[in-house]
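Asker: Got a structure for you, my_file03.cif, holding mmCIF, C-alpha atoms.
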data_work
#
loop_
_atom_site.group_PDB
_atom_site.id
_atom_site.type_symbol
_atom_site.label_atom_id
_atom_site.label_comp_id
_atom_site.auth_asym_id
_atom_site.auth_seq_id
_atom_site.Cartn_x
_atom_site.Cartn_y
_atom_site.Cartn_z
ATOM 1 C CA MET O 3 20.190 5.104 20.580
ATOM 2 C CA VAL O 4 16.943 4.294 18.785
ATOM 3 C CA THR O 5 14.591 7.158 18.080
ATOM 4 C CA VAL O 6 10.914 6.774 17.375
ATOM 5 C CA LEU O 7 9.460 8.679 14.443
ATOM 6 C CA ASN O 8 5.693 8.697 14.157
ATOM 7 C CA GLY O 9 5.419 5.416 16.076
ATOM 8 C CA LEU O 10 8.078 3.616 13.999
ATOM 9 C CA SER O 11 11.595 2.838 15.151
ATOM 10 C CA SER O 12 14.418 4.517 13.228
ATOM 11 C CA GLU O 13 16.358 1.272 13.658
ATOM 12 C CA ASN O 14 13.676 -0.652 11.758
ATOM 13 C CA ARG O 15 12.559 1.678 9.004
ATOM 14 C CA PRO O 16 9.313 0.544 7.425
ATOM 15 C CA ARG O 17 9.754 -1.211 4.087
ATOM 16 C CA VAL O 18 7.069 -0.254 1.570
ATOM 17 C CA ILE O 19 6.424 -1.064 -2.092
ATOM 18 C CA VAL O 20 4.417 1.361 -4.211
ATOM 19 C CA ALA O 21 3.126 -0.325 -7.369
ATOM 20 C CA ASP O 22 1.363 1.760 -10.011
ATOM 21 C CA ASP O 23 1.762 1.803 -13.787
ATOM 22 C CA ASN O 24 1.436 5.606 -13.836
ATOM 23 C CA ASP O 25 4.957 6.979 -13.321
ATOM 24 C CA LEU O 26 3.775 10.296 -11.881
ATOM 25 C CA VAL O 27 1.401 8.751 -9.320
ATOM 26 C CA ARG O 28 3.939 6.098 -8.313
ATOM 27 C CA ASP O 29 6.772 8.615 -7.883
ATOM 28 C CA ILE O 30 4.671 11.100 -5.918
ATOM 29 C CA VAL O 31 3.306 8.450 -3.534
ATOM 30 C CA ARG O 32 6.786 6.944 -3.075
ATOM 31 C CA THR O 33 8.330 10.367 -2.383
ATOM 32 C CA ILE O 34 5.627 11.272 0.160
ATOM 33 C CA ILE O 35 6.214 8.002 2.021
ATOM 34 C CA GLU O 36 10.026 8.084 1.829
ATOM 35 C CA HIS O 37 10.275 11.608 3.170
ATOM 36 C CA GLY O 38 7.318 11.567 5.531
ATOM 37 C CA LEU O 39 8.113 8.263 7.250
ATOM 38 C CA SER O 40 11.831 7.858 6.480
ATOM 39 C CA ALA O 41 10.773 4.592 4.858
ATOM 40 C CA ASP O 42 12.724 2.260 2.612
ATOM 41 C CA CYS O 43 10.402 2.523 -0.369
ATOM 42 C CA GLY O 44 10.602 0.504 -3.582
ATOM 43 C CA SER O 45 8.525 1.150 -6.656
ATOM 44 C CA ALA O 46 7.089 -1.121 -9.312
ATOM 45 C CA ARG O 47 5.119 -0.724 -12.541
ATOM 46 C CA GLY O 48 3.129 -3.908 -12.000
ATOM 47 C CA VAL O 49 2.551 -6.971 -9.872
ATOM 48 C CA ASP O 50 5.523 -8.930 -11.230
ATOM 49 C CA GLU O 51 7.959 -6.109 -10.379
ATOM 50 C CA ALA O 52 6.391 -5.782 -6.914
ATOM 51 C CA LEU O 53 6.873 -9.518 -6.339
ATOM 52 C CA GLU O 54 10.542 -9.188 -7.381
ATOM 53 C CA ILE O 55 11.072 -6.445 -4.793
ATOM 54 C CA ALA O 56 9.213 -8.452 -2.138
ATOM 55 C CA SER O 57 11.472 -11.454 -2.779
ATOM 56 C CA ASP O 58 14.414 -9.455 -1.350
ATOM 57 C CA GLY O 59 13.014 -9.701 2.181
ATOM 58 C CA GLN O 60 10.225 -8.749 4.519
ATOM 59 C CA VAL O 61 7.989 -5.924 3.272
ATOM 60 C CA ASP O 62 5.757 -4.133 5.765
ATOM 61 C CA LEU O 63 3.269 -2.792 3.221
ATOM 62 C CA ALA O 64 2.622 -3.139 -0.493
ATOM 63 C CA ILE O 65 0.433 -0.444 -2.005
ATOM 64 C CA LEU O 66 -1.101 -1.705 -5.253
ATOM 65 C CA ASP O 67 -2.942 0.268 -7.889
ATOM 66 C CA TYR O 68 -6.126 -1.649 -8.611
ATOM 67 C CA ASN O 69 -5.837 -0.972 -12.374
ATOM 68 C CA MET O 70 -2.296 -1.924 -13.399
ATOM 69 C CA PRO O 71 -0.548 -4.756 -15.242
ATOM 70 C CA GLY O 72 -0.742 -8.077 -13.450
ATOM 71 C CA MET O 73 -3.682 -7.233 -11.193
ATOM 72 C CA ASP O 74 -6.167 -9.227 -13.298
ATOM 73 C CA GLY O 75 -9.050 -8.300 -11.033
ATOM 74 C CA LEU O 76 -7.863 -9.230 -7.557
ATOM 75 C CA ASN O 77 -5.593 -12.100 -8.661
ATOM 76 C CA GLY O 78 -2.575 -9.783 -8.356
ATOM 77 C CA LEU O 79 -3.650 -8.933 -4.814
ATOM 78 C CA ARG O 80 -3.792 -12.647 -4.008
ATOM 79 C CA ARG O 81 -0.301 -13.200 -5.440
ATOM 80 C CA ILE O 82 1.175 -10.366 -3.381
ATOM 81 C CA MET O 83 -0.577 -11.582 -0.228
ATOM 82 C CA GLU O 84 1.016 -15.024 -0.703
ATOM 83 C CA SER O 85 4.496 -13.444 -0.813
ATOM 84 C CA ASP O 86 6.643 -12.097 2.027
ATOM 85 C CA VAL O 87 4.489 -8.955 2.397
ATOM 86 C CA ARG O 88 2.942 -8.349 5.825
ATOM 87 C CA HIS O 89 0.153 -5.973 4.739
ATOM 88 C CA VAL O 90 -1.407 -4.894 1.440
ATOM 89 C CA ALA O 91 -3.417 -1.809 0.513
ATOM 90 C CA LEU O 92 -5.241 -0.951 -2.695
ATOM 91 C CA LEU O 93 -4.741 2.441 -4.347
ATOM 92 C CA SER O 94 -7.369 3.688 -6.774
ATOM 93 C CA GLY O 95 -9.463 6.553 -8.025
ATOM 94 C CA SER O 96 -12.560 4.397 -7.771
ATOM 95 C CA ILE O 97 -13.381 0.801 -6.874
ATOM 96 C CA SER O 98 -16.756 -0.915 -7.061
ATOM 97 C CA SER O 99 -18.397 -2.081 -3.834
ATOM 98 C CA ASP O 100 -18.119 -5.691 -5.064
ATOM 99 C CA VAL O 101 -14.333 -5.335 -5.396
ATOM 100 C CA VAL O 102 -14.139 -3.686 -1.958
ATOM 101 C CA GLU O 103 -16.063 -6.556 -0.361
ATOM 102 C CA GLU O 104 -13.934 -9.202 -2.070
ATOM 103 C CA ALA O 105 -10.698 -7.409 -1.113
ATOM 104 C CA ILE O 106 -11.855 -7.206 2.510
ATOM 105 C CA ASP O 107 -12.625 -10.942 2.456
ATOM 106 C CA LEU O 108 -9.087 -11.550 1.182
ATOM 107 C CA GLY O 109 -7.647 -9.571 4.108
ATOM 108 C CA VAL O 110 -6.594 -6.271 2.555
ATOM 109 C CA SER O 111 -5.330 -3.764 5.130
ATOM 110 C CA GLY O 112 -6.869 -0.700 3.558
ATOM 111 C CA PHE O 113 -7.809 1.459 0.626
ATOM 112 C CA LEU O 114 -6.013 4.643 -0.416
ATOM 113 C CA PRO O 115 -7.955 6.977 -2.702
ATOM 114 C CA LYS O 116 -5.652 8.726 -5.187
ATOM 115 C CA THR O 117 -7.217 11.977 -3.973
ATOM 116 C CA LEU O 118 -6.061 11.442 -0.370
ATOM 117 C CA PRO O 119 -4.065 14.435 0.945
ATOM 118 C CA PRO O 120 -0.377 13.676 1.675
ATOM 119 C CA ARG O 121 -0.698 14.081 5.455
ATOM 120 C CA ALA O 122 -3.652 11.662 5.567
ATOM 121 C CA MET O 123 -1.762 9.228 3.332
ATOM 122 C CA LEU O 124 1.183 9.234 5.733
ATOM 123 C CA LYS O 125 -1.091 8.520 8.690
ATOM 124 C CA ALA O 126 -2.759 5.683 6.789
ATOM 125 C CA VAL O 127 0.523 4.137 5.619
ATOM 126 C CA ARG O 128 2.059 4.375 9.092
ATOM 127 C CA ALA O 129 -1.037 2.734 10.618
ATOM 128 C CA MET O 130 -1.055 -0.094 8.069
ATOM 129 C CA CYS O 131 2.682 -0.731 8.536
ATOM 130 C CA LEU O 132 1.901 -1.191 12.231
ATOM 131 C CA GLY O 133 -0.865 -3.681 11.447
ATOM 132 C CA GLU O 134 -3.910 -1.427 11.663
ATOM 133 C CA ARG O 135 -6.605 -1.196 9.016
ATOM 134 C CA PHE O 136 -7.374 1.937 7.037
ATOM 135 C CA PRO O 137 -10.987 1.986 5.860
ATOM 136 C CA ALA O 138 -11.077 5.019 3.587
ATOM 137 C CA GLN O 139 -14.621 6.342 3.860
ATOM 138 C CA HIS O 140 -14.315 7.195 0.173
ATOM 139 C CA PHE O 141 -14.719 3.501 -0.694
ATOM 140 C CA LEU O 142 -16.209 1.849 2.363
ATOM 141 C CA VAL O 143 -19.394 1.800 4.336
ATOM 142 C CA GLY O 144 -19.557 -0.154 7.590
ATOM 143 C CA TRP O 145 -16.065 -1.761 7.464
ATOM 144 C CA ALA O 146 -14.375 -1.882 10.842
#
Using structure tokens, write down the structure from this file.

Answerer:
Amino acid sequence: MVTVLNGLSSENRPRVIVADDNDLVRDIVRTIIEHGLSADCGSARGVDEALEIASDGQVDLAILDYNMPGMDGLNGLRRIMESDVRHVALLSGSISSDVVEEAIDLGVSGFLPKTLPPRAMLKAVRAMCLGERFPAQHFLVGWA
């Protein structure tokens, strides 16, 4: 019997990578997602580690800190998007409107402010794993 939890099948648990060079932020976000969505959640300190995890198979969502090793502006985002990752979100305390526009042009699925409450983060992550976009009003104006 397959049960559905928050719109996701228990048979196909979402596979998520949380990449942030800050251990505390990375561990908290990973724990929220693992427990809140029963997700298979890997963690990485930078883009190269995230790519290693992604090489093990299909990843539903990679959440990347905008300011971490290997990002090099949005080059790290491009590298992740070329891997076996279905959707990518940026995590940050603040991002310039130029970066937001460029990330949208590249096809980013959403933006997660580091101040986002856990319940809202779970809703956003679940939506992005299912292919929806999450335009955090914190960063975006007029993105649909």

Asker: O:Gly59, O:Gly48, O:Pro115, O:Gly38: which is nearest Ser94 in chain O, counting all atoms listed in the file?

Answerer: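 Answer, going by the shortest atom-to-atom distance: O:Pro115.
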
Asker: If the PyMOL selection byres ((chain O and resi 24) around 12) is run on the structure shown, which residues does it catch, given as a PyMOL selection string?

Answerer: chain O and resi 20-23+25-31+45-48+66-71+93-94+116

Asker: Can you turn the PyMOL selection byres ((chain O and resi 129) around 12) into a concrete residue list for this file, as a ChimeraX atom specification?

Answerer: /O:8-10,16,39,62-63,89-91,111-112,122-128,130-137

Asker: Step by step, gather every atom of range 64-83 of chain O that the file lists, find the box along x, y and z that holds them, add 4 Å on each side, and finally give centre and edge lengths in Å to one decimal, as lines of an AutoDock Vina configuration file.

Answerer:
center_x = -3.2
center_y = -6.5
center_z = -7.7
size_x = 19.7
size_y = 21.5
size_z = 23.0

Asker: Need to verify the contact set: Ala41 in chain O, 7 Å, all atoms listed in the file, exclusion of same-chain residues closer than 2 positions in sequence. Can you return it as a VMD selection string?

Answerer: chain O and resid 15 to 18 35 to 36 39 43

Asker: Could you tell me which of O:Asp42, O:Leu53, O:Ile34, O:Glu104 comes closest to Met83 in chain O if we count all atoms listed in the file?

Answerer: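 Among O:Asp42, O:Leu53, O:Ile34, O:Glu104, it is O:Leu53 that comes nearest to Met83 in chain O.
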
Asker: Got a minute to add N, CA, C and O atoms to range 125-136 of chain O and dump it as a PDB file, in the frame of the given file?

Answerer:
ATOM      1  N   LYS O 125      -0.454   9.128   7.520  1.00  0.00           N
ATOM      2  CA  LYS O 125      -1.091   8.520   8.690  1.00  0.00           C
ATOM      3  C   LYS O 125      -1.604   7.125   8.360  1.00  0.00           C
ATOM      4  O   LYS O 125      -1.451   6.186   9.141  1.00  0.00           O
ATOM      5  N   ALA O 126      -2.222   6.981   7.196  1.00  0.00           N
ATOM      6  CA  ALA O 126      -2.759   5.683   6.789  1.00  0.00           C
ATOM      7  C   ALA O 126      -1.646   4.666   6.578  1.00  0.00           C
ATOM      8  O   ALA O 126      -1.734   3.528   7.042  1.00  0.00           O
ATOM      9  N   VAL O 127      -0.585   5.048   5.891  1.00  0.00           N
ATOM     10  CA  VAL O 127       0.523   4.137   5.619  1.00  0.00           C
ATOM     11  C   VAL O 127       1.202   3.731   6.922  1.00  0.00           C
ATOM     12  O   VAL O 127       1.485   2.545   7.142  1.00  0.00           O
ATOM     13  N   ARG O 128       1.449   4.686   7.798  1.00  0.00           N
ATOM     14  CA  ARG O 128       2.059   4.375   9.092  1.00  0.00           C
ATOM     15  C   ARG O 128       1.190   3.375   9.856  1.00  0.00           C
ATOM     16  O   ARG O 128       1.682   2.375  10.377  1.00  0.00           O
ATOM     17  N   ALA O 129      -0.117   3.625   9.901  1.00  0.00           N
ATOM     18  CA  ALA O 129      -1.037   2.734  10.618  1.00  0.00           C
ATOM     19  C   ALA O 129      -1.010   1.324  10.024  1.00  0.00           C
ATOM     20  O   ALA O 129      -0.956   0.338  10.761  1.00  0.00           O
ATOM     21  N   MET O 130      -1.048   1.227   8.703  1.00  0.00           N
ATOM     22  CA  MET O 130      -1.055  -0.094   8.069  1.00  0.00           C
ATOM     23  C   MET O 130       0.271  -0.817   8.260  1.00  0.00           C
ATOM     24  O   MET O 130       0.284  -2.037   8.429  1.00  0.00           O
ATOM     25  N   CYS O 131       1.385  -0.096   8.263  1.00  0.00           N
ATOM     26  CA  CYS O 131       2.682  -0.731   8.536  1.00  0.00           C
ATOM     27  C   CYS O 131       2.712  -1.327   9.935  1.00  0.00           C
ATOM     28  O   CYS O 131       3.396  -2.312  10.184  1.00  0.00           O
ATOM     29  N   LEU O 132       1.970  -0.716  10.849  1.00  0.00           N
ATOM     30  CA  LEU O 132       1.901  -1.191  12.231  1.00  0.00           C
ATOM     31  C   LEU O 132       0.809  -2.231  12.439  1.00  0.00           C
ATOM     32  O   LEU O 132       0.562  -2.664  13.559  1.00  0.00           O
ATOM     33  N   GLY O 133       0.128  -2.623  11.351  1.00  0.00           N
ATOM     34  CA  GLY O 133      -0.865  -3.681  11.447  1.00  0.00           C
ATOM     35  C   GLY O 133      -2.302  -3.228  11.607  1.00  0.00           C
ATOM     36  O   GLY O 133      -3.198  -4.049  11.758  1.00  0.00           O
ATOM     37  N   GLU O 134      -2.544  -1.932  11.559  1.00  0.00           N
ATOM     38  CA  GLU O 134      -3.910  -1.427  11.663  1.00  0.00           C
ATOM     39  C   GLU O 134      -4.561  -1.422  10.286  1.00  0.00           C
ATOM     40  O   GLU O 134      -3.891  -1.541   9.270  1.00  0.00           O
ATOM     41  N   ARG O 135      -5.872  -1.268  10.276  1.00  0.00           N
ATOM     42  CA  ARG O 135      -6.605  -1.196   9.016  1.00  0.00           C
ATOM     43  C   ARG O 135      -6.948   0.254   8.721  1.00  0.00           C
ATOM     44  O   ARG O 135      -7.158   1.050   9.639  1.00  0.00           O
ATOM     45  N   PHE O 136      -7.014   0.587   7.445  1.00  0.00           N
ATOM     46  CA  PHE O 136      -7.374   1.937   7.037  1.00  0.00           C
ATOM     47  C   PHE O 136      -8.578   1.877   6.100  1.00  0.00           C
ATOM     48  O   PHE O 136      -8.447   1.690   4.909  1.00  0.00           O
TER      49      PHE O 136
END
